[in-house]
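> Just input-v4.cif, nothing more (mmCIF, N, CA, C and O atoms):
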```
data_target
loop_
_atom_site.label_atom_id
_atom_site.label_comp_id
_atom_site.auth_asym_id
_atom_site.auth_seq_id
_atom_site.Cartn_x
_atom_site.Cartn_y
_atom_site.Cartn_z
N MET E 1 4.16 -10.53 -15.97
CA MET E 1 3.42 -9.74 -15.01
C MET E 1 2.66 -10.69 -14.08
O MET E 1 2.14 -11.70 -14.51
N SER E 2 2.61 -10.33 -12.81
CA SER E 2 1.90 -11.10 -11.79
C SER E 2 0.98 -10.15 -11.03
O SER E 2 1.01 -8.94 -11.22
N THR E 3 0.20 -10.73 -10.12
CA THR E 3 -0.69 -9.93 -9.29
C THR E 3 -0.18 -9.98 -7.85
O THR E 3 0.16 -11.06 -7.35
N TYR E 4 -0.14 -8.82 -7.22
CA TYR E 4 0.37 -8.70 -5.85
C TYR E 4 -0.61 -7.91 -5.00
O TYR E 4 -1.40 -7.11 -5.50
N ARG E 5 -0.49 -8.11 -3.71
CA ARG E 5 -1.24 -7.32 -2.74
C ARG E 5 -0.23 -6.59 -1.87
O ARG E 5 0.68 -7.21 -1.32
N LEU E 6 -0.39 -5.28 -1.76
CA LEU E 6 0.39 -4.48 -0.81
C LEU E 6 -0.45 -4.30 0.44
O LEU E 6 -1.60 -3.88 0.37
N LEU E 7 0.13 -4.61 1.59
CA LEU E 7 -0.56 -4.48 2.88
C LEU E 7 0.07 -3.30 3.61
O LEU E 7 1.23 -3.36 4.03
N CYS E 8 -0.70 -2.23 3.72
CA CYS E 8 -0.17 -0.94 4.19
C CYS E 8 -0.91 -0.45 5.44
O CYS E 8 -2.11 -0.18 5.38
N GLY E 9 -0.19 -0.34 6.53
CA GLY E 9 -0.78 0.19 7.76
C GLY E 9 -0.96 1.70 7.67
O GLY E 9 -0.21 2.38 6.97
N ARG E 10 -1.95 2.20 8.40
CA ARG E 10 -2.20 3.64 8.40
C ARG E 10 -1.67 4.35 9.64
O ARG E 10 -1.66 5.57 9.70
N SER E 11 -1.21 3.60 10.64
CA SER E 11 -0.62 4.22 11.83
C SER E 11 0.84 4.52 11.55
O SER E 11 1.56 3.69 11.00
N ILE E 12 1.28 5.70 11.94
CA ILE E 12 2.68 6.08 11.82
C ILE E 12 3.34 5.76 13.15
O ILE E 12 2.85 6.19 14.20
N PRO E 13 4.44 4.99 13.14
CA PRO E 13 5.07 4.59 14.40
C PRO E 13 5.47 5.79 15.26
O PRO E 13 5.87 6.83 14.75
N GLU E 14 5.34 5.60 16.57
CA GLU E 14 5.68 6.67 17.53
C GLU E 14 7.14 7.10 17.38
O GLU E 14 7.45 8.28 17.49
N ASN E 15 8.03 6.14 17.12
CA ASN E 15 9.45 6.50 17.00
C ASN E 15 9.75 7.26 15.71
O ASN E 15 10.86 7.71 15.50
N LYS E 16 8.73 7.42 14.86
CA LYS E 16 8.88 8.19 13.62
C LYS E 16 7.92 9.37 13.59
O LYS E 16 7.52 9.83 12.54
N GLY E 17 7.51 9.82 14.77
CA GLY E 17 6.66 11.00 14.86
C GLY E 17 5.22 10.72 15.20
O GLY E 17 4.49 11.62 15.59
N GLY E 18 4.77 9.49 15.06
CA GLY E 18 3.39 9.14 15.38
C GLY E 18 2.40 9.76 14.42
O GLY E 18 2.75 10.52 13.53
N GLY E 19 1.16 9.40 14.58
CA GLY E 19 0.10 9.95 13.75
C GLY E 19 -0.62 8.89 12.95
O GLY E 19 -0.55 7.70 13.24
N PHE E 20 -1.33 9.36 11.93
CA PHE E 20 -2.23 8.51 11.16
C PHE E 20 -2.24 8.99 9.71
O PHE E 20 -2.28 10.19 9.45
N VAL E 21 -2.20 8.06 8.77
CA VAL E 21 -2.28 8.39 7.35
C VAL E 21 -3.73 8.73 7.03
O VAL E 21 -4.62 7.88 7.17
N THR E 22 -3.98 9.96 6.62
CA THR E 22 -5.33 10.43 6.37
C THR E 22 -5.84 9.98 5.00
O THR E 22 -5.07 9.54 4.14
N GLU E 23 -7.13 10.12 4.81
CA GLU E 23 -7.74 9.78 3.52
C GLU E 23 -7.17 10.63 2.40
O GLU E 23 -6.89 10.13 1.31
N SER E 24 -6.96 11.91 2.64
CA SER E 24 -6.40 12.77 1.59
C SER E 24 -4.96 12.38 1.27
O SER E 24 -4.54 12.45 0.10
N GLU E 25 -4.19 11.94 2.27
CA GLU E 25 -2.83 11.46 2.01
C GLU E 25 -2.86 10.18 1.19
O GLU E 25 -2.03 9.98 0.30
N LEU E 26 -3.82 9.29 1.49
CA LEU E 26 -3.95 8.07 0.69
C LEU E 26 -4.30 8.41 -0.76
O LEU E 26 -3.76 7.81 -1.69
N ARG E 27 -5.20 9.36 -0.95
CA ARG E 27 -5.55 9.75 -2.32
C ARG E 27 -4.35 10.31 -3.06
O ARG E 27 -4.17 10.05 -4.25
N ALA E 28 -3.51 11.06 -2.38
CA ALA E 28 -2.30 11.59 -3.02
C ALA E 28 -1.36 10.44 -3.39
O ALA E 28 -0.77 10.44 -4.49
N PHE E 29 -1.20 9.46 -2.51
CA PHE E 29 -0.40 8.28 -2.82
C PHE E 29 -0.97 7.54 -4.02
O PHE E 29 -0.24 7.13 -4.93
N GLU E 30 -2.29 7.38 -4.04
CA GLU E 30 -2.94 6.67 -5.14
C GLU E 30 -2.76 7.41 -6.46
O GLU E 30 -2.60 6.79 -7.52
N SER E 31 -2.76 8.72 -6.42
CA SER E 31 -2.47 9.51 -7.63
C SER E 31 -1.06 9.22 -8.13
O SER E 31 -0.83 9.12 -9.33
N GLN E 32 -0.12 9.08 -7.19
CA GLN E 32 1.25 8.75 -7.59
C GLN E 32 1.34 7.34 -8.16
O GLN E 32 2.11 7.10 -9.10
N LEU E 33 0.54 6.41 -7.61
CA LEU E 33 0.50 5.07 -8.20
C LEU E 33 0.09 5.16 -9.67
O LEU E 33 0.71 4.55 -10.54
N ASN E 34 -0.98 5.93 -9.93
CA ASN E 34 -1.48 6.07 -11.30
C ASN E 34 -0.55 6.87 -12.19
O ASN E 34 -0.17 6.41 -13.27
N GLU E 35 -0.18 8.05 -11.74
CA GLU E 35 0.52 9.00 -12.61
C GLU E 35 2.02 8.75 -12.68
O GLU E 35 2.61 8.80 -13.76
N TYR E 36 2.66 8.50 -11.56
CA TYR E 36 4.12 8.35 -11.52
C TYR E 36 4.54 6.93 -11.89
O TYR E 36 5.46 6.73 -12.68
N LEU E 37 3.85 5.92 -11.32
CA LEU E 37 4.23 4.54 -11.56
C LEU E 37 3.41 3.86 -12.66
O LEU E 37 3.74 2.75 -13.07
N GLY E 38 2.33 4.49 -13.11
CA GLY E 38 1.50 3.91 -14.16
C GLY E 38 0.78 2.64 -13.73
O GLY E 38 0.52 1.76 -14.54
N LEU E 39 0.44 2.55 -12.44
CA LEU E 39 -0.21 1.36 -11.91
C LEU E 39 -1.68 1.61 -11.63
O LEU E 39 -2.05 2.63 -11.05
N ASP E 40 -2.51 0.66 -12.03
CA ASP E 40 -3.91 0.65 -11.63
C ASP E 40 -4.03 -0.30 -10.45
O ASP E 40 -3.19 -1.19 -10.26
N PHE E 41 -5.06 -0.14 -9.64
CA PHE E 41 -5.15 -0.92 -8.40
C PHE E 41 -6.59 -1.09 -7.99
O PHE E 41 -7.49 -0.40 -8.47
N ASN E 42 -6.79 -2.00 -7.06
CA ASN E 42 -8.05 -2.14 -6.33
C ASN E 42 -7.69 -1.96 -4.87
O ASN E 42 -6.72 -2.56 -4.38
N ARG E 43 -8.44 -1.13 -4.17
CA ARG E 43 -8.16 -0.84 -2.76
C ARG E 43 -9.25 -1.40 -1.87
O ARG E 43 -10.43 -1.23 -2.14
N VAL E 44 -8.83 -2.05 -0.79
CA VAL E 44 -9.74 -2.54 0.23
C VAL E 44 -9.27 -1.99 1.57
O VAL E 44 -8.09 -2.15 1.93
N ASP E 45 -10.15 -1.34 2.30
CA ASP E 45 -9.83 -0.86 3.65
C ASP E 45 -10.03 -2.02 4.62
O ASP E 45 -10.98 -2.80 4.48
N SER E 46 -9.15 -2.13 5.59
CA SER E 46 -9.19 -3.27 6.50
C SER E 46 -8.67 -2.87 7.88
O SER E 46 -8.22 -1.75 8.10
N ILE E 47 -8.72 -3.83 8.78
CA ILE E 47 -8.12 -3.71 10.11
C ILE E 47 -7.04 -4.76 10.19
O ILE E 47 -7.24 -5.92 9.80
N GLY E 48 -5.88 -4.37 10.67
CA GLY E 48 -4.77 -5.31 10.80
C GLY E 48 -4.12 -5.20 12.15
O GLY E 48 -4.58 -4.46 13.02
N SER E 49 -3.03 -5.91 12.30
CA SER E 49 -2.26 -5.87 13.53
C SER E 49 -0.79 -5.90 13.16
O SER E 49 -0.38 -6.69 12.30
N TRP E 50 0.00 -5.02 13.77
CA TRP E 50 1.44 -4.99 13.54
C TRP E 50 2.11 -4.91 14.90
O TRP E 50 1.84 -4.00 15.68
N GLN E 51 2.93 -5.89 15.20
CA GLN E 51 3.65 -5.97 16.47
C GLN E 51 2.70 -5.85 17.66
O GLN E 51 2.97 -5.14 18.63
N GLY E 52 1.56 -6.53 17.55
CA GLY E 52 0.60 -6.60 18.64
C GLY E 52 -0.35 -5.41 18.76
O GLY E 52 -1.17 -5.38 19.67
N HIS E 53 -0.27 -4.45 17.85
CA HIS E 53 -1.14 -3.27 17.91
C HIS E 53 -2.09 -3.27 16.72
O HIS E 53 -1.65 -3.31 15.56
N ARG E 54 -3.39 -3.19 17.01
CA ARG E 54 -4.39 -3.13 15.94
C ARG E 54 -4.33 -1.76 15.28
O ARG E 54 -4.08 -0.76 15.93
N GLU E 55 -4.56 -1.77 13.96
CA GLU E 55 -4.56 -0.51 13.24
C GLU E 55 -5.39 -0.64 11.97
O GLU E 55 -5.59 -1.73 11.45
N GLN E 56 -5.87 0.50 11.51
CA GLN E 56 -6.51 0.53 10.21
C GLN E 56 -5.45 0.32 9.14
O GLN E 56 -4.30 0.74 9.30
N SER E 57 -5.83 -0.36 8.08
CA SER E 57 -4.89 -0.69 7.01
C SER E 57 -5.59 -0.51 5.67
O SER E 57 -6.81 -0.42 5.59
N VAL E 58 -4.79 -0.49 4.61
CA VAL E 58 -5.31 -0.54 3.26
C VAL E 58 -4.56 -1.63 2.52
O VAL E 58 -3.36 -1.82 2.72
N ASN E 59 -5.30 -2.37 1.70
CA ASN E 59 -4.72 -3.43 0.88
C ASN E 59 -4.93 -3.03 -0.57
O ASN E 59 -6.06 -2.78 -1.00
N TYR E 60 -3.84 -2.96 -1.31
CA TYR E 60 -3.89 -2.64 -2.73
C TYR E 60 -3.58 -3.89 -3.53
O TYR E 60 -2.54 -4.52 -3.31
N THR E 61 -4.46 -4.28 -4.43
CA THR E 61 -4.20 -5.38 -5.35
C THR E 61 -3.80 -4.76 -6.68
O THR E 61 -4.53 -3.91 -7.22
N ILE E 62 -2.62 -5.18 -7.19
CA ILE E 62 -2.04 -4.55 -8.37
C ILE E 62 -1.43 -5.64 -9.25
O ILE E 62 -0.71 -6.51 -8.75
N SER E 63 -1.69 -5.57 -10.55
CA SER E 63 -1.02 -6.46 -11.50
C SER E 63 0.12 -5.69 -12.16
O SER E 63 -0.11 -4.66 -12.79
N ALA E 64 1.34 -6.18 -11.98
CA ALA E 64 2.52 -5.51 -12.52
C ALA E 64 3.71 -6.43 -12.32
O ALA E 64 3.60 -7.50 -11.71
N ASP E 65 4.87 -6.01 -12.81
CA ASP E 65 6.08 -6.79 -12.53
C ASP E 65 6.55 -6.47 -11.11
O ASP E 65 6.23 -5.43 -10.55
N ARG E 66 7.31 -7.37 -10.53
CA ARG E 66 7.70 -7.26 -9.11
C ARG E 66 8.48 -5.98 -8.82
O ARG E 66 8.32 -5.37 -7.75
N ALA E 67 9.32 -5.55 -9.75
CA ALA E 67 10.12 -4.34 -9.50
C ALA E 67 9.21 -3.12 -9.29
O ALA E 67 9.48 -2.30 -8.42
N ARG E 68 8.14 -3.01 -10.05
CA ARG E 68 7.23 -1.87 -9.89
C ARG E 68 6.43 -1.98 -8.60
O ARG E 68 6.13 -0.97 -7.96
N ILE E 69 6.10 -3.20 -8.20
CA ILE E 69 5.41 -3.41 -6.92
C ILE E 69 6.32 -2.98 -5.77
O ILE E 69 5.89 -2.29 -4.84
N ASP E 70 7.58 -3.39 -5.84
CA ASP E 70 8.54 -3.00 -4.80
C ASP E 70 8.69 -1.49 -4.75
O ASP E 70 8.77 -0.89 -3.66
N GLU E 71 8.68 -0.83 -5.90
CA GLU E 71 8.78 0.62 -5.94
C GLU E 71 7.56 1.26 -5.27
O GLU E 71 7.69 2.22 -4.51
N ALA E 72 6.39 0.71 -5.52
CA ALA E 72 5.16 1.23 -4.89
C ALA E 72 5.22 1.05 -3.37
O ALA E 72 4.88 1.96 -2.61
N GLY E 73 5.68 -0.11 -2.91
CA GLY E 73 5.80 -0.36 -1.48
C GLY E 73 6.81 0.57 -0.82
O GLY E 73 6.56 1.10 0.27
N LYS E 74 7.94 0.78 -1.48
CA LYS E 74 8.96 1.69 -0.94
C LYS E 74 8.43 3.12 -0.89
O LYS E 74 8.72 3.85 0.06
N LEU E 75 7.66 3.52 -1.88
CA LEU E 75 7.08 4.86 -1.88
C LEU E 75 6.15 5.04 -0.68
O LEU E 75 6.23 6.06 0.03
N TYR E 76 5.29 4.05 -0.41
CA TYR E 76 4.39 4.14 0.75
C TYR E 76 5.20 4.23 2.04
O TYR E 76 4.91 5.05 2.91
N LYS E 77 6.23 3.37 2.16
CA LYS E 77 7.08 3.40 3.37
C LYS E 77 7.70 4.77 3.59
O LYS E 77 7.70 5.28 4.71
N GLU E 78 8.24 5.35 2.53
CA GLU E 78 8.91 6.65 2.65
C GLU E 78 7.93 7.77 2.95
O GLU E 78 8.19 8.61 3.81
N LEU E 79 6.82 7.80 2.22
CA LEU E 79 5.85 8.89 2.42
C LEU E 79 5.28 8.90 3.83
O LEU E 79 5.04 9.97 4.39
N PHE E 80 5.04 7.70 4.39
CA PHE E 80 4.31 7.62 5.65
C PHE E 80 5.12 7.01 6.79
O PHE E 80 4.57 6.54 7.77
N SER E 81 6.44 7.05 6.67
CA SER E 81 7.35 6.64 7.74
C SER E 81 7.00 5.27 8.32
O SER E 81 6.97 5.08 9.54
N GLN E 82 6.77 4.31 7.46
CA GLN E 82 6.40 2.97 7.89
C GLN E 82 7.64 2.11 8.15
O GLN E 82 8.67 2.28 7.50
N ASP E 83 7.52 1.18 9.10
CA ASP E 83 8.59 0.22 9.34
C ASP E 83 8.67 -0.77 8.18
O ASP E 83 9.76 -1.18 7.78
N SER E 84 7.52 -1.16 7.67
CA SER E 84 7.49 -2.10 6.56
C SER E 84 6.14 -2.04 5.86
O SER E 84 5.17 -1.50 6.40
N VAL E 85 6.10 -2.60 4.66
CA VAL E 85 4.88 -2.77 3.88
C VAL E 85 4.88 -4.23 3.44
O VAL E 85 5.89 -4.72 2.91
N GLY E 86 3.79 -4.92 3.67
CA GLY E 86 3.71 -6.32 3.26
C GLY E 86 3.47 -6.44 1.76
O GLY E 86 2.74 -5.63 1.18
N VAL E 87 4.10 -7.44 1.14
CA VAL E 87 3.88 -7.74 -0.27
C VAL E 87 3.53 -9.21 -0.36
O VAL E 87 4.28 -10.06 0.15
N GLN E 88 2.41 -9.51 -0.99
CA GLN E 88 1.97 -10.89 -1.12
C GLN E 88 1.62 -11.15 -2.58
O GLN E 88 0.84 -10.41 -3.18
N GLU E 89 2.22 -12.18 -3.16
CA GLU E 89 1.83 -12.56 -4.51
C GLU E 89 0.53 -13.36 -4.40
O GLU E 89 0.40 -14.24 -3.55
N VAL E 90 -0.44 -13.02 -5.22
CA VAL E 90 -1.76 -13.66 -5.18
C VAL E 90 -2.05 -14.26 -6.56
O VAL E 90 -1.37 -13.95 -7.53
N PRO E 91 -3.06 -15.13 -6.64
CA PRO E 91 -3.39 -15.70 -7.95
C PRO E 91 -3.65 -14.57 -8.98
O PRO E 91 -4.18 -13.52 -8.64
N GLN E 92 -3.24 -14.85 -10.20
CA GLN E 92 -3.37 -13.86 -11.28
C GLN E 92 -4.82 -13.40 -11.41
O GLN E 92 -5.75 -14.19 -11.38
N ILE E 93 -4.97 -12.11 -11.56
CA ILE E 93 -6.29 -11.53 -11.75
C ILE E 93 -6.65 -11.65 -13.24
O ILE E 93 -5.79 -11.55 -14.10
N ALA E 94 -7.91 -11.90 -13.51
CA ALA E 94 -8.38 -11.98 -14.89
C ALA E 94 -9.55 -11.03 -15.06
O ALA E 94 -10.30 -10.75 -14.12
N PHE E 95 -9.68 -10.48 -16.24
CA PHE E 95 -10.77 -9.57 -16.53
C PHE E 95 -11.67 -10.19 -17.59
O PHE E 95 -11.19 -10.81 -18.53
N ILE E 96 -12.99 -10.01 -17.41
CA ILE E 96 -13.94 -10.55 -18.39
C ILE E 96 -14.80 -9.44 -18.96
O ILE E 96 -14.89 -8.37 -18.42
#
```
Have the structure of the file written as structure tokens, please.

Amino acid sequence: MSTYRLLCGRSIPENKGGGFVTESELRAFESQLNEYLGLDFNRVDSIGSWQGHREQSVNYTISADRARIDEAGKLYKELFSQDSVGVQEVPQIAFI
């Protein structure tokens, strides 16, 4: 198991209908992370840029195997019509 960060934009591309991922939609996604994928996470709200356009983003830090992280990223892409979701391996998280 490793620790990863998912970088998820909240803007829905215009060519996919446009719009914005709402807080209630994020909560529903997070419920699926917990209940469907069995993943716990830490969420940080942020501002990012994709293809030159600033947007609100969410960063999820999750400890799991890579296949489950990829499944979580694909789920976000599908639910919210994203072009991509960033995945970054980060130093292992430790609990005390």
> Using DSSP secondary structure from the backbone, list all strand (DSSP E or B) positions within chain E, as a ChimeraX atom specification.
/E:2-9,11,20,42-50,53-64,86-90
> Restrict the selected residues to N, CA, C and O atoms and save them as a compact mmCIF listing (two decimals), in the frame of the given file.

```
# COMPACT_ATOMS: atom_id res chain seq x y z
N SER E 2 2.61 -10.33 -12.81
CA SER E 2 1.90 -11.10 -11.79
C SER E 2 0.98 -10.15 -11.03
O SER E 2 1.01 -8.94 -11.22
N THR E 3 0.20 -10.73 -10.12
CA THR E 3 -0.69 -9.93 -9.29
C THR E 3 -0.18 -9.98 -7.85
O THR E 3 0.16 -11.06 -7.35
N TYR E 4 -0.14 -8.82 -7.22
CA TYR E 4 0.37 -8.70 -5.85
C TYR E 4 -0.61 -7.91 -5.00
O TYR E 4 -1.40 -7.11 -5.50
N ARG E 5 -0.49 -8.11 -3.71
CA ARG E 5 -1.24 -7.32 -2.74
C ARG E 5 -0.23 -6.59 -1.87
O ARG E 5 0.68 -7.21 -1.32
N LEU E 6 -0.39 -5.28 -1.76
CA LEU E 6 0.39 -4.48 -0.81
C LEU E 6 -0.45 -4.30 0.44
O LEU E 6 -1.60 -3.88 0.37
N LEU E 7 0.13 -4.61 1.59
CA LEU E 7 -0.56 -4.48 2.88
C LEU E 7 0.07 -3.30 3.61
O LEU E 7 1.23 -3.36 4.03
N CYS E 8 -0.70 -2.23 3.72
CA CYS E 8 -0.17 -0.94 4.19
C CYS E 8 -0.91 -0.45 5.44
O CYS E 8 -2.11 -0.18 5.38
N GLY E 9 -0.19 -0.34 6.53
CA GLY E 9 -0.78 0.19 7.76
C GLY E 9 -0.96 1.70 7.67
O GLY E 9 -0.21 2.38 6.97
N SER E 11 -1.21 3.60 10.64
CA SER E 11 -0.62 4.22 11.83
C SER E 11 0.84 4.52 11.55
O SER E 11 1.56 3.69 11.00
N PHE E 20 -1.33 9.36 11.93
CA PHE E 20 -2.23 8.51 11.16
C PHE E 20 -2.24 8.99 9.71
O PHE E 20 -2.28 10.19 9.45
N ASN E 42 -6.79 -2.00 -7.06
CA ASN E 42 -8.05 -2.14 -6.33
C ASN E 42 -7.69 -1.96 -4.87
O ASN E 42 -6.72 -2.56 -4.38
N ARG E 43 -8.44 -1.13 -4.17
CA ARG E 43 -8.16 -0.84 -2.76
C ARG E 43 -9.25 -1.40 -1.87
O ARG E 43 -10.43 -1.23 -2.14
N VAL E 44 -8.83 -2.05 -0.79
CA VAL E 44 -9.74 -2.54 0.23
C VAL E 44 -9.27 -1.99 1.57
O VAL E 44 -8.09 -2.15 1.93
N ASP E 45 -10.15 -1.34 2.30
CA ASP E 45 -9.83 -0.86 3.65
C ASP E 45 -10.03 -2.02 4.62
O ASP E 45 -10.98 -2.80 4.48
N SER E 46 -9.15 -2.13 5.59
CA SER E 46 -9.19 -3.27 6.50
C SER E 46 -8.67 -2.87 7.88
O SER E 46 -8.22 -1.75 8.10
N ILE E 47 -8.72 -3.83 8.78
CA ILE E 47 -8.12 -3.71 10.11
C ILE E 47 -7.04 -4.76 10.19
O ILE E 47 -7.24 -5.92 9.80
N GLY E 48 -5.88 -4.37 10.67
CA GLY E 48 -4.77 -5.31 10.80
C GLY E 48 -4.12 -5.20 12.15
O GLY E 48 -4.58 -4.46 13.02
N SER E 49 -3.03 -5.91 12.30
CA SER E 49 -2.26 -5.87 13.53
C SER E 49 -0.79 -5.90 13.16
O SER E 49 -0.38 -6.69 12.30
N TRP E 50 0.00 -5.02 13.77
CA TRP E 50 1.44 -4.99 13.54
C TRP E 50 2.11 -4.91 14.90
O TRP E 50 1.84 -4.00 15.68
N HIS E 53 -0.27 -4.45 17.85
CA HIS E 53 -1.14 -3.27 17.91
C HIS E 53 -2.09 -3.27 16.72
O HIS E 53 -1.65 -3.31 15.56
N ARG E 54 -3.39 -3.19 17.01
CA ARG E 54 -4.39 -3.13 15.94
C ARG E 54 -4.33 -1.76 15.28
O ARG E 54 -4.08 -0.76 15.93
N GLU E 55 -4.56 -1.77 13.96
CA GLU E 55 -4.56 -0.51 13.24
C GLU E 55 -5.39 -0.64 11.97
O GLU E 55 -5.59 -1.73 11.45
N GLN E 56 -5.87 0.50 11.51
CA GLN E 56 -6.51 0.53 10.21
C GLN E 56 -5.45 0.32 9.14
O GLN E 56 -4.30 0.74 9.30
N SER E 57 -5.83 -0.36 8.08
CA SER E 57 -4.89 -0.69 7.01
C SER E 57 -5.59 -0.51 5.67
O SER E 57 -6.81 -0.42 5.59
N VAL E 58 -4.79 -0.49 4.61
CA VAL E 58 -5.31 -0.54 3.26
C VAL E 58 -4.56 -1.63 2.52
O VAL E 58 -3.36 -1.82 2.72
N ASN E 59 -5.30 -2.37 1.70
CA ASN E 59 -4.72 -3.43 0.88
C ASN E 59 -4.93 -3.03 -0.57
O ASN E 59 -6.06 -2.78 -1.00
N TYR E 60 -3.84 -2.96 -1.31
CA TYR E 60 -3.89 -2.64 -2.73
C TYR E 60 -3.58 -3.89 -3.53
O TYR E 60 -2.54 -4.52 -3.31
N THR E 61 -4.46 -4.28 -4.43
CA THR E 61 -4.20 -5.38 -5.35
C THR E 61 -3.80 -4.76 -6.68
O THR E 61 -4.53 -3.91 -7.22
N ILE E 62 -2.62 -5.18 -7.19
CA ILE E 62 -2.04 -4.55 -8.37
C ILE E 62 -1.43 -5.64 -9.25
O ILE E 62 -0.71 -6.51 -8.75
N SER E 63 -1.69 -5.57 -10.55
CA SER E 63 -1.02 -6.46 -11.50
C SER E 63 0.12 -5.69 -12.16
O SER E 63 -0.11 -4.66 -12.79
N ALA E 64 1.34 -6.18 -11.98
CA ALA E 64 2.52 -5.51 -12.52
C ALA E 64 3.71 -6.43 -12.32
O ALA E 64 3.60 -7.50 -11.71
N GLY E 86 3.79 -4.92 3.67
CA GLY E 86 3.71 -6.32 3.26
C GLY E 86 3.47 -6.44 1.76
O GLY E 86 2.74 -5.63 1.18
N VAL E 87 4.10 -7.44 1.14
CA VAL E 87 3.88 -7.74 -0.27
C VAL E 87 3.53 -9.21 -0.36
O VAL E 87 4.28 -10.06 0.15
N GLN E 88 2.41 -9.51 -0.99
CA GLN E 88 1.97 -10.89 -1.12
C GLN E 88 1.62 -11.15 -2.58
O GLN E 88 0.84 -10.41 -3.18
N GLU E 89 2.22 -12.18 -3.16
CA GLU E 89 1.83 -12.56 -4.51
C GLU E 89 0.53 -13.36 -4.40
O GLU E 89 0.40 -14.24 -3.55
N VAL E 90 -0.44 -13.02 -5.22
CA VAL E 90 -1.76 -13.66 -5.18
C VAL E 90 -2.05 -14.26 -6.56
O VAL E 90 -1.37 -13.95 -7.53
```
> Work out how far atom CA of E:Phe95 is from atom C of E:Leu75, in Å to one decimal.
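About the pair atom C of E:Leu75 and atom CA of E:Phe95: they are 27.4 Å apart.
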> I'd like the contact shell of stretch 44-53 of chain E - 8 Å cut-off, all atoms listed in the file, skipping same-chain residues fewer than 4 positions apart - returned as a PDB file with N, CA, C and O atoms, in the coordinates of the input.

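Dumped to selection-v6.pdb:
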```
ATOM      1  N   LEU E   6      -0.390  -5.280  -1.760  1.00  0.00           N
ATOM      2  CA  LEU E   6       0.390  -4.480  -0.810  1.00  0.00           C
ATOM      3  C   LEU E   6      -0.450  -4.300   0.440  1.00  0.00           C
ATOM      4  O   LEU E   6      -1.600  -3.880   0.370  1.00  0.00           O
ATOM      5  N   LEU E   7       0.130  -4.610   1.590  1.00  0.00           N
ATOM      6  CA  LEU E   7      -0.560  -4.480   2.880  1.00  0.00           C
ATOM      7  C   LEU E   7       0.070  -3.300   3.610  1.00  0.00           C
ATOM      8  O   LEU E   7       1.230  -3.360   4.030  1.00  0.00           O
ATOM      9  N   CYS E   8      -0.700  -2.230   3.720  1.00  0.00           N
ATOM     10  CA  CYS E   8      -0.170  -0.940   4.190  1.00  0.00           C
ATOM     11  C   CYS E   8      -0.910  -0.450   5.440  1.00  0.00           C
ATOM     12  O   CYS E   8      -2.110  -0.180   5.380  1.00  0.00           O
ATOM     13  N   GLY E   9      -0.190  -0.340   6.530  1.00  0.00           N
ATOM     14  CA  GLY E   9      -0.780   0.190   7.760  1.00  0.00           C
ATOM     15  C   GLY E   9      -0.960   1.700   7.670  1.00  0.00           C
ATOM     16  O   GLY E   9      -0.210   2.380   6.970  1.00  0.00           O
ATOM     17  N   ARG E  10      -1.950   2.200   8.400  1.00  0.00           N
ATOM     18  CA  ARG E  10      -2.200   3.640   8.400  1.00  0.00           C
ATOM     19  C   ARG E  10      -1.670   4.350   9.640  1.00  0.00           C
ATOM     20  O   ARG E  10      -1.660   5.570   9.700  1.00  0.00           O
ATOM     21  N   SER E  57      -5.830  -0.360   8.080  1.00  0.00           N
ATOM     22  CA  SER E  57      -4.890  -0.690   7.010  1.00  0.00           C
ATOM     23  C   SER E  57      -5.590  -0.510   5.670  1.00  0.00           C
ATOM     24  O   SER E  57      -6.810  -0.420   5.590  1.00  0.00           O
ATOM     25  N   VAL E  58      -4.790  -0.490   4.610  1.00  0.00           N
ATOM     26  CA  VAL E  58      -5.310  -0.540   3.260  1.00  0.00           C
ATOM     27  C   VAL E  58      -4.560  -1.630   2.520  1.00  0.00           C
ATOM     28  O   VAL E  58      -3.360  -1.820   2.720  1.00  0.00           O
ATOM     29  N   ASN E  59      -5.300  -2.370   1.700  1.00  0.00           N
ATOM     30  CA  ASN E  59      -4.720  -3.430   0.880  1.00  0.00           C
ATOM     31  C   ASN E  59      -4.930  -3.030  -0.570  1.00  0.00           C
ATOM     32  O   ASN E  59      -6.060  -2.780  -1.000  1.00  0.00           O
ATOM     33  N   TYR E  60      -3.840  -2.960  -1.310  1.00  0.00           N
ATOM     34  CA  TYR E  60      -3.890  -2.640  -2.730  1.00  0.00           C
ATOM     35  C   TYR E  60      -3.580  -3.890  -3.530  1.00  0.00           C
ATOM     36  O   TYR E  60      -2.540  -4.520  -3.310  1.00  0.00           O
ATOM     37  N   THR E  61      -4.460  -4.280  -4.430  1.00  0.00           N
ATOM     38  CA  THR E  61      -4.200  -5.380  -5.350  1.00  0.00           C
ATOM     39  C   THR E  61      -3.800  -4.760  -6.680  1.00  0.00           C
ATOM     40  O   THR E  61      -4.530  -3.910  -7.220  1.00  0.00           O
TER      41      THR E  61
END
```
> Select from chain E everything DSSP, run on the backbone, classes as helix (DSSP H, G or I), then give the selection as a PyMOL selection string.
chain E and resi 14-16+23-35+66-79
> Where does the PyMOL selection byres ((chain E and resi 82) around 8) land in this file, that is, which residues does it pick, as a VMD selection string?
chain E and resid 9 11 to 13 16 73 to 81 83 to 85
> Would you work out the distance separating atom CA of E:Glu35 from atom N of E:Glu55, expressed in Å to one decimal?
29.1 Å
> For a cutoff of 9 Å around the file-coordinate point (-0.8, -15.8, -3.9), which residues qualify once you count only C-alpha atoms? I'd like the result as a PyMOL selection string.
chain E and resi 3-5+88-92
> Atom C of E:Phe20 to atom O of E:Glu71: how many Å, to one decimal?
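Straight-line distance from atom C of E:Phe20 to atom O of E:Glu71 works out to 18.6 Å.
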